[in-house]
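Asks: Here you go, one structure.
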Amino acid sequence: MLPMWVADMDFRSPPEVIEALHKRVDHGVFGYTFPSEELEDIIIRRLKKLYSWNIKKEWLVWLPGLVTGFNIACRAAGNINDDVATFVPIYYPFLKAPANNIQTLTEIPLVEKNKRWTIDFEGFDKAVKENTKLFLFCNPHNPGGTMFTEEELLKFAEICKRHDLVICSDEIHCDLILSKNKKHIPLASLSPEISERTITLMAPSKTFNIAGLGCSFAIISDEKLRIKYKKAKEGLVPHVNLLGYTAALAAYKHGDEWLEKLLEYLRGNYRVIKEFVARTPGLNISEQDATYLAWIDACGLGLEKPAEYFEKYNVGMSEGAVFRGPGYIRMNFGCSRSILNEALKRIKAGIDDLT
Ligand SMILES: Cc1ncc(COP(=O)(O)O)c(C=O)c1O
């Protein structure tokens, strides 16, 4: 089985990350620890350089993972029986977070327009309920790969403001940009007013393939919201482990060149997938701006569970239905070109057997 599902990559992390981890392990003492000043400073400088976003050190809240981060956001922004809204299709742990916190979920469908997944603003505005307290937002979007534009983000934030929603903006995929001419815009960087109601979640985990080391952070500018957030995690959320901090620092300090090369490679892989989809009847794909996760429309094949079908051909992909996109498959292309080509060959064999 070729594993093209869970969102991590087959590539080794930047050599400087591996070296830093070796050095830290050689130290031999593995007690409790805090993030270093150097790591916090480097994040502050990075956000300023990439997005002209000036954050303060005290806005950072360290987390072992983003799934933890948005579950805590549900607890911090609302009470039991309150409602949480999100756009679907969506990375499936978003769908579970409200129920984990004894809250309800309002699912608002994204729409595909001109081969791009985007927001139906009117539908969104109408769908928000009286007791909706939080919006779980994902930008760049998983699945679908949309990087929302400044205009879209402002419109989205305006509706959230009208309904007085806290926004949890999961931006874990913000470095994985396929569209060379586009730039990620952190929602909270758009204005102090938007920042006030936003919990931004970021991490080096997807970017530098260190997800297993569990090191991420929230950025919360509003003091009251930050206190609530910290309170909600108290006694439940463990410290970030010291190897996570070590890898994060080395990645942010030395990883930029590695990341550029990675992005060129991923762009090539995405092109290969698009060419394959274009010559394969029954498949479609939109123009994705970001992520290494291809969101392929396989509805034309007439299969109820396309991912399950392709498992018989030894390609393991994620079933779209799990993300609320039945008939779709999500294919991880963070792998070598030869593995990708082999996976596509197997998919082709499966499709040929249908006719
Ligand atoms: C949008 C999004 N958020 C969060 C995660 C997982 O984050 P973590 O492993 O830090 O909990 C993923 C992983 O695929 C993701 O795609």
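Every chain in the structure tokens takes a letter, A first, then B, and so on in the order presented; its residues are numbered from 1, and the ligands are numbered from 1 following the presented order.
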Taking only C-alpha atoms and all ligand atoms and a cut-off of 8 Å, can you tell me which residues surround ligand 1, written as an MDAnalysis selection string?
Replies: chainID A and resid 6:8 64:69 90:91 93 138:143 170:173 203 205:206 211:212 214:216
Asks: Please save N, CA and C atoms of the selected residues as a CSV table (one decimal), in the first residue's frame.
Replies:
chain,number,residue,atom,x,y,z
A,6,VAL,N,-2.3,10.5,5.7
A,6,VAL,CA,-2.0,11.5,6.8
A,6,VAL,C,-1.1,12.6,6.3
A,7,ALA,N,-1.4,13.8,6.8
A,7,ALA,CA,-0.7,15.0,6.3
A,7,ALA,C,0.7,15.2,6.9
A,8,ASP,N,1.6,14.3,6.6
A,8,ASP,CA,3.0,14.6,6.8
A,8,ASP,C,3.7,14.1,5.5
A,64,PRO,N,1.1,21.8,22.3
A,64,PRO,CA,1.7,20.6,21.7
A,64,PRO,C,1.1,20.3,20.3
A,65,GLY,N,0.1,21.0,19.9
A,65,GLY,CA,-0.5,20.7,18.6
A,65,GLY,C,-1.7,21.6,18.3
A,66,LEU,N,-2.0,21.7,17.0
A,66,LEU,CA,-3.1,22.6,16.6
A,66,LEU,C,-4.5,22.0,16.9
A,67,VAL,N,-4.6,20.6,16.9
A,67,VAL,CA,-5.9,20.0,17.2
A,67,VAL,C,-6.2,20.4,18.6
A,68,THR,N,-5.2,20.3,19.5
A,68,THR,CA,-5.4,20.7,20.9
A,68,THR,C,-5.8,22.2,20.9
A,69,GLY,N,-5.1,23.0,20.1
A,69,GLY,CA,-5.3,24.4,20.0
A,69,GLY,C,-6.7,24.8,19.7
A,90,ILE,N,-13.9,20.2,5.4
A,90,ILE,CA,-12.9,20.6,6.3
A,90,ILE,C,-12.1,19.5,6.9
A,91,TYR,N,-10.9,19.8,7.3
A,91,TYR,CA,-10.0,18.8,8.0
A,91,TYR,C,-10.9,18.3,9.2
A,93,PRO,N,-10.9,16.8,12.1
A,93,PRO,CA,-11.0,17.1,13.6
A,93,PRO,C,-11.7,18.4,13.9
A,138,CYS,N,-10.0,27.9,8.6
A,138,CYS,CA,-8.8,27.2,8.1
A,138,CYS,C,-8.3,27.9,6.9
A,139,ASN,N,-7.1,28.5,7.0
A,139,ASN,CA,-6.5,29.3,5.9
A,139,ASN,C,-5.0,29.2,5.9
A,140,PRO,N,-4.4,28.7,4.9
A,140,PRO,CA,-4.9,28.0,3.7
A,140,PRO,C,-5.8,26.8,4.1
A,141,HIS,N,-6.8,26.6,3.2
A,141,HIS,CA,-7.8,25.6,3.5
A,141,HIS,C,-7.4,24.2,3.3
A,142,ASN,N,-7.7,23.3,4.2
A,142,ASN,CA,-7.6,21.9,4.1
A,142,ASN,C,-8.9,21.2,4.2
A,143,PRO,N,-9.4,20.5,3.3
A,143,PRO,CA,-8.9,20.3,1.9
A,143,PRO,C,-9.4,21.5,1.0
A,170,ASP,N,-6.8,28.6,11.9
A,170,ASP,CA,-5.8,27.6,11.8
A,170,ASP,C,-5.0,27.9,10.6
A,171,GLU,N,-3.7,28.3,10.7
A,171,GLU,CA,-2.9,28.7,9.6
A,171,GLU,C,-1.7,27.8,9.5
A,172,ILE,N,-1.9,26.5,9.8
A,172,ILE,CA,-0.8,25.6,9.9
A,172,ILE,C,-0.1,25.4,8.5
A,173,HIS,N,-0.9,25.6,7.4
A,173,HIS,CA,-0.4,25.3,6.1
A,173,HIS,C,0.2,26.6,5.4
A,203,ALA,N,2.5,26.7,13.3
A,203,ALA,CA,3.5,25.8,13.7
A,203,ALA,C,4.5,25.6,12.6
A,205,SER,N,5.4,22.6,12.1
A,205,SER,CA,5.3,21.1,11.9
A,205,SER,C,5.1,20.6,10.5
A,206,LYS,N,4.1,21.2,9.8
A,206,LYS,CA,3.9,20.8,8.4
A,206,LYS,C,5.0,21.2,7.5
A,211,ALA,N,6.1,17.2,12.4
A,211,ALA,CA,4.8,17.1,13.1
A,211,ALA,C,4.9,16.2,14.3
A,212,GLY,N,5.6,15.1,14.2
A,212,GLY,CA,5.7,14.2,15.3
A,212,GLY,C,6.4,14.7,16.6
A,214,GLY,N,5.6,17.7,17.9
A,214,GLY,CA,4.6,18.4,18.7
A,214,GLY,C,5.0,19.8,19.2
A,215,CYS,N,5.2,20.7,18.4
A,215,CYS,CA,5.5,22.1,18.9
A,215,CYS,C,4.8,23.1,18.0
A,216,SER,N,3.8,23.8,18.6
A,216,SER,CA,3.1,24.8,17.9
A,216,SER,C,2.7,25.9,18.9
Asks: Can you pull out every residue within 9 Å of A:Glu40, counting only C-alpha atoms, but drop anything in the same chain fewer than 4 positions away, and send it as a short mmCIF file (atom, residue, chain, number, x, y, z; two decimals) with N, CA and C atoms, in the first residue's frame?
Replies:
data_model
loop_
_atom_site.label_atom_id
_atom_site.label_comp_id
_atom_site.auth_asym_id
_atom_site.auth_seq_id
_atom_site.Cartn_x
_atom_site.Cartn_y
_atom_site.Cartn_z
N PRO A 35 10.18 27.58 26.20
CA PRO A 35 10.72 28.02 24.91
C PRO A 35 11.83 29.03 25.16
N SER A 36 12.85 29.00 24.33
CA SER A 36 13.94 29.96 24.53
C SER A 36 13.51 31.33 24.01
N ILE A 44 8.78 36.19 16.13
CA ILE A 44 8.33 37.59 16.02
C ILE A 44 8.94 38.24 14.77
N ARG A 45 10.23 38.00 14.55
CA ARG A 45 10.91 38.59 13.38
C ARG A 45 10.35 38.00 12.07
N LYS A 57 5.63 39.45 22.34
CA LYS A 57 6.01 38.16 22.92
C LYS A 57 4.90 37.58 23.79
N LEU A 60 2.08 35.11 22.57
CA LEU A 60 2.34 33.70 22.20
C LEU A 60 1.90 32.75 23.31
N LEU A 249 13.29 25.77 16.55
CA LEU A 249 14.29 26.84 16.47
C LEU A 249 15.21 26.63 15.26
#
Asks: I'd like the interatomic distance between atom CA of A:Asp175 and atom CA of A:Leu259, to a tenth of an Å.
Replies: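 According to the coordinates, atom CA of A:Asp175 and atom CA of A:Leu259 are separated by 8.4 Å.
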Asks: Identify all residues of stretch 121-205 of chain A in alpha helix (DSSP H) (DSSP on the backbone) and supply them as a PyMOL selection string.
Replies: chain A and resi 121-127+150-162+192-196
Asks: Limited to N, CA and C atoms, could you put the picked residues into a file as a compact mmCIF listing (two decimals), in the first residue's frame?
Replies:
# COMPACT_ATOMS: atom_id res chain seq x y z
N PHE A 121 -20.74 34.09 1.05
CA PHE A 121 -20.88 35.02 2.18
C PHE A 121 -22.32 35.15 2.65
N GLU A 122 -23.24 35.15 1.69
CA GLU A 122 -24.65 35.29 2.07
C GLU A 122 -25.09 34.06 2.88
N GLY A 123 -24.71 32.89 2.38
CA GLY A 123 -25.06 31.63 3.06
C GLY A 123 -24.45 31.61 4.46
N PHE A 124 -23.23 32.09 4.57
CA PHE A 124 -22.52 32.12 5.85
C PHE A 124 -23.27 33.02 6.83
N ASP A 125 -23.59 34.22 6.40
CA ASP A 125 -24.26 35.19 7.25
C ASP A 125 -25.58 34.63 7.80
N LYS A 126 -26.31 33.94 6.91
CA LYS A 126 -27.62 33.41 7.31
C LYS A 126 -27.49 32.20 8.24
N ALA A 127 -26.42 31.45 8.07
CA ALA A 127 -26.31 30.18 8.81
C ALA A 127 -25.92 30.37 10.28
N GLU A 150 -7.25 39.07 0.57
CA GLU A 150 -7.49 40.12 1.57
C GLU A 150 -8.97 40.52 1.56
N GLU A 151 -9.52 40.64 0.35
CA GLU A 151 -10.92 41.04 0.23
C GLU A 151 -11.84 40.00 0.90
N GLU A 152 -11.57 38.74 0.64
CA GLU A 152 -12.38 37.68 1.25
C GLU A 152 -12.24 37.68 2.77
N LEU A 153 -11.01 37.85 3.24
CA LEU A 153 -10.77 37.82 4.69
C LEU A 153 -11.49 38.98 5.38
N LEU A 154 -11.46 40.15 4.75
CA LEU A 154 -12.12 41.31 5.36
C LEU A 154 -13.64 41.10 5.42
N LYS A 155 -14.17 40.54 4.34
CA LYS A 155 -15.62 40.28 4.30
C LYS A 155 -16.00 39.24 5.35
N PHE A 156 -15.17 38.21 5.44
CA PHE A 156 -15.39 37.14 6.41
C PHE A 156 -15.37 37.71 7.84
N ALA A 157 -14.35 38.53 8.12
CA ALA A 157 -14.20 39.09 9.46
C ALA A 157 -15.35 40.04 9.80
N GLU A 158 -15.85 40.73 8.79
CA GLU A 158 -16.96 41.66 9.00
C GLU A 158 -18.20 40.90 9.48
N ILE A 159 -18.45 39.76 8.84
CA ILE A 159 -19.62 38.95 9.24
C ILE A 159 -19.41 38.39 10.66
N CYS A 160 -18.18 37.97 10.95
CA CYS A 160 -17.89 37.46 12.29
C CYS A 160 -18.12 38.55 13.33
N LYS A 161 -17.74 39.77 12.97
CA LYS A 161 -17.91 40.89 13.90
C LYS A 161 -19.41 41.15 14.12
N ARG A 162 -20.15 41.14 13.02
CA ARG A 162 -21.60 41.39 13.13
C ARG A 162 -22.26 40.41 14.09
N PRO A 192 -6.19 45.74 14.06
CA PRO A 192 -6.26 45.45 15.49
C PRO A 192 -7.66 44.98 15.90
N GLU A 193 -8.66 45.47 15.22
CA GLU A 193 -10.04 45.09 15.52
C GLU A 193 -10.29 43.59 15.23
N ILE A 194 -9.75 43.15 14.11
CA ILE A 194 -9.91 41.72 13.76
C ILE A 194 -9.04 40.89 14.72
N SER A 195 -7.85 41.37 14.98
CA SER A 195 -6.93 40.65 15.86
C SER A 195 -7.55 40.42 17.25
N GLU A 196 -8.28 41.40 17.71
CA GLU A 196 -8.91 41.34 19.04
C GLU A 196 -9.82 40.13 19.25
Asks: Write out as a ChimeraX atom specification each polymer residue whose atoms come within 8 Å of A:Asn81, counting only C-alpha atoms; drop sequence neighbours fewer than 2 positions from it.
Replies: /A:79,83,102-104
Asks: Could those residues be written to a file, using N, CA and C atoms, as an mmCIF file, in the first residue's frame?
Replies:
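Result file out.cif:
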data_model
loop_
_atom_site.group_PDB
_atom_site.id
_atom_site.type_symbol
_atom_site.label_atom_id
_atom_site.label_comp_id
_atom_site.auth_asym_id
_atom_site.auth_seq_id
_atom_site.Cartn_x
_atom_site.Cartn_y
_atom_site.Cartn_z
ATOM 1 N N ASN A 79 -19.585 28.259 26.132
ATOM 2 C CA ASN A 79 -19.933 27.368 27.228
ATOM 3 C C ASN A 79 -20.553 26.102 26.663
ATOM 4 N N ASP A 83 -22.734 27.077 20.288
ATOM 5 C CA ASP A 83 -22.550 26.564 18.933
ATOM 6 C C ASP A 83 -21.226 27.074 18.346
ATOM 7 N N ILE A 102 -18.924 19.469 24.325
ATOM 8 C CA ILE A 102 -20.384 19.496 24.559
ATOM 9 C C ILE A 102 -21.005 20.756 23.949
ATOM 10 N N GLN A 103 -20.657 20.981 22.694
ATOM 11 C CA GLN A 103 -21.207 22.108 21.937
ATOM 12 C C GLN A 103 -21.724 21.576 20.599
ATOM 13 N N THR A 104 -22.530 22.381 19.934
ATOM 14 C CA THR A 104 -23.061 21.955 18.634
ATOM 15 C C THR A 104 -22.223 22.561 17.508
#
Asks: As a list of chain:residue names, which residues of stretch 151-207 of chain A does DSSP assign to strand (DSSP E or B)?
Replies: A:Val166, A:Ile167, A:Cys168, A:Ser169, A:Asp170, A:Ile177, A:Thr198, A:Ile199, A:Thr200, A:Leu201, A:Met202
Asks: So that I have them on file, write out the residues from the current selection with C-alpha atoms, as a PDB file, in the first residue's frame.
Replies:
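Contents of part-v2.pdb, as written:
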ATOM      1  CA  VAL A 166     -14.470  34.699  18.250  1.00  0.00           C
ATOM      2  CA  ILE A 167     -12.408  33.353  15.344  1.00  0.00           C
ATOM      3  CA  CYS A 168      -9.919  30.535  15.642  1.00  0.00           C
ATOM      4  CA  SER A 169      -7.777  30.767  12.506  1.00  0.00           C
ATOM      5  CA  ASP A 170      -5.798  27.598  11.822  1.00  0.00           C
ATOM      6  CA  ILE A 177       2.391  27.843  -1.039  1.00  0.00           C
ATOM      7  CA  THR A 198      -8.875  36.105  16.741  1.00  0.00           C
ATOM      8  CA  ILE A 199      -6.872  33.158  18.028  1.00  0.00           C
ATOM      9  CA  THR A 200      -4.283  32.385  15.339  1.00  0.00           C
ATOM     10  CA  LEU A 201      -2.737  28.911  15.309  1.00  0.00           C
ATOM     11  CA  MET A 202       0.613  28.291  13.611  1.00  0.00           C
TER      12      MET A 202
END
Asks: Looking at only C-alpha atoms, which of A:Ser13, A:Thr106, A:Asn241, A:Thr207 is the one that sits closest to A:Trp62?
Replies: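 Counting only C-alpha atoms, the residue closest to A:Trp62 is A:Asn241.
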Asks: If we count only C-alpha atoms and set the cut-off at 8 Å, which residues sit around A:Tyr92, ignoring sequence neighbours fewer than 4 positions away in its own chain? Please answer as a list in words.
Replies: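 Near A:Tyr92, the qualifying residues are Lys96, Val322 and Phe323 of chain A.
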Asks: Identify which of the residues A:Trp53, A:Ala77, A:Val88, A:Tyr32 lies closest to A:Lys224, counting only C-alpha atoms when measuring atom-to-atom distances.
Replies: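 Smallest separation from A:Lys224 among the options: A:Ala77.
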